[in-house]
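Encoded as structure tokens, the structure appears first; notes follow it.
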Amino acid sequence: MILKGRGFLFLLSSLFLFAGCADKNYSSLETAKGVDLDKYLGKWYEVARYENWFEKGCLGATAEYTLRDEKIDVLNSCFDKNGQKLKDAKGVAKIVSDDNSKLKVSFFWPFYGDYWILMLADDYRYSVVGEPSRKYFWILSRTKEISPKDKQEILSKMPSLGYDPNALLWLE
């Protein structure tokens, strides 16, 4: 395929844009230690998040992770207030840290985003996910709700991670 005119300029400017984003120096971000992928795989419910453009209108979401050939298949599903599925997004994740707490996820190859597991319950009942810019944040649970104790634990830890608990959109 030969790109001409505006198509080529768009591609070129996109590459510069994404290359520029990779150079940002963010303050360090602590992640969970020793994530057992076999325990992490499976279905998660989104309990809360920072609002973002790609989940606009989602009032419930699930994420399903399946291991395949050294990579993780990702299936995110978005639901409306009545529980009707609005859309699916299929992607792939690759592990980029020895302790499995840092992944790169792509829903549109060749572009990858950070998926860092910041907090994880000992029994994998909840997971807190973010990334170095602190623009994105999710609280995931194996059930559609989390306990008040777990909620308070997460909320109290958020400021030390550089996140604002008041910016959360609660979905439970």
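Chain lettering (A, B, ...) mirrors the order of the structure tokens, residue numbering begins at 1 for each chain separately, and ligand numbering begins at 1 in order of display.
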
Using only C-alpha atoms, I'd like a table of the residues in range 94-141 of chain A that come within 12 Å of range 68-78 of chain A; for each, show the closest atom pair and its distance in Å rounded to one decimal, ordered by chain and ascending number, as CSV.
residue,atom,partner,partner_atom,distance
A:Lys94,CA,A:Lys71,CA,5.2
A:Ile95,CA,A:Lys71,CA,7.4
A:Val96,CA,A:Lys71,CA,10.7
A:Asn100,CA,A:Ile72,CA,11.6
A:Leu103,CA,A:Ile72,CA,9.6
A:Lys104,CA,A:Ile72,CA,10.1
A:Val105,CA,A:Val74,CA,8.3
A:Ser106,CA,A:Val74,CA,9.0
A:Phe107,CA,A:Val74,CA,8.6
A:Tyr115,CA,A:Val74,CA,11.8

Compile the contact shell of Lys135 in chain A as a ChimeraX atom specification: residues with an atom at most 9 Å away, counting only C-alpha atoms, same-chain residues fewer than 2 positions apart removed. /A:50,52,130-133,137,163

Could you write out, as a tab-separated table (two decimals) with C-alpha atoms, in the first residue's frame, all the residues of range 17-151 of chain A that DSSP marks as alpha helix (DSSP H)?
chain	number	residue	atom	x	y	z
A	17	LEU	CA	3.06	12.13	18.53
A	18	PHE	CA	3.36	8.64	19.98
A	19	ALA	CA	7.15	8.79	20.06
A	20	GLY	CA	6.90	12.06	21.99
A	21	CYS	CA	4.55	10.52	24.53
A	22	ALA	CA	7.06	7.79	25.28
A	37	LEU	CA	-0.67	-14.67	36.12
A	38	ASP	CA	-2.60	-17.92	36.53
A	39	LYS	CA	-4.54	-16.32	39.40
A	40	TYR	CA	-4.93	-12.99	37.58
A	148	PRO	CA	-16.44	-1.25	52.25
A	149	LYS	CA	-13.14	-2.36	53.86
A	150	ASP	CA	-11.49	-2.97	50.44
A	151	LYS	CA	-12.88	0.31	49.12

Closest to Ser141 in chain A among A:Glu46, A:Leu41, A:Gly57, A:Val35, using only C-alpha atoms?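 Among A:Glu46, A:Leu41, A:Gly57, A:Val35, it is A:Glu46 that comes nearest to Ser141 in chain A.
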
What lies within 9 Å of range 153-160 of chain A using only C-alpha atoms, ignoring chain neighbours under 6 positions off, as a PyMOL selection string? chain A and resi 119+128+139

Keeping only C-alpha atoms, take the residues you just selected and write them out as a PDB file, in the first residue's frame.
ATOM      1  CA  MET A 119      -2.562  -2.970  44.139  1.00  0.00           C
ATOM      2  CA  VAL A 128      -6.094  -1.607  41.050  1.00  0.00           C
ATOM      3  CA  ILE A 139     -10.599  -0.561  40.281  1.00  0.00           C
TER       4      ILE A 139
END

Can you list every residue in range 88-117 of chain A that DSSP puts in strand (DSSP E or B), as a ChimeraX atom specification? /A:88-95,102-108,111-117
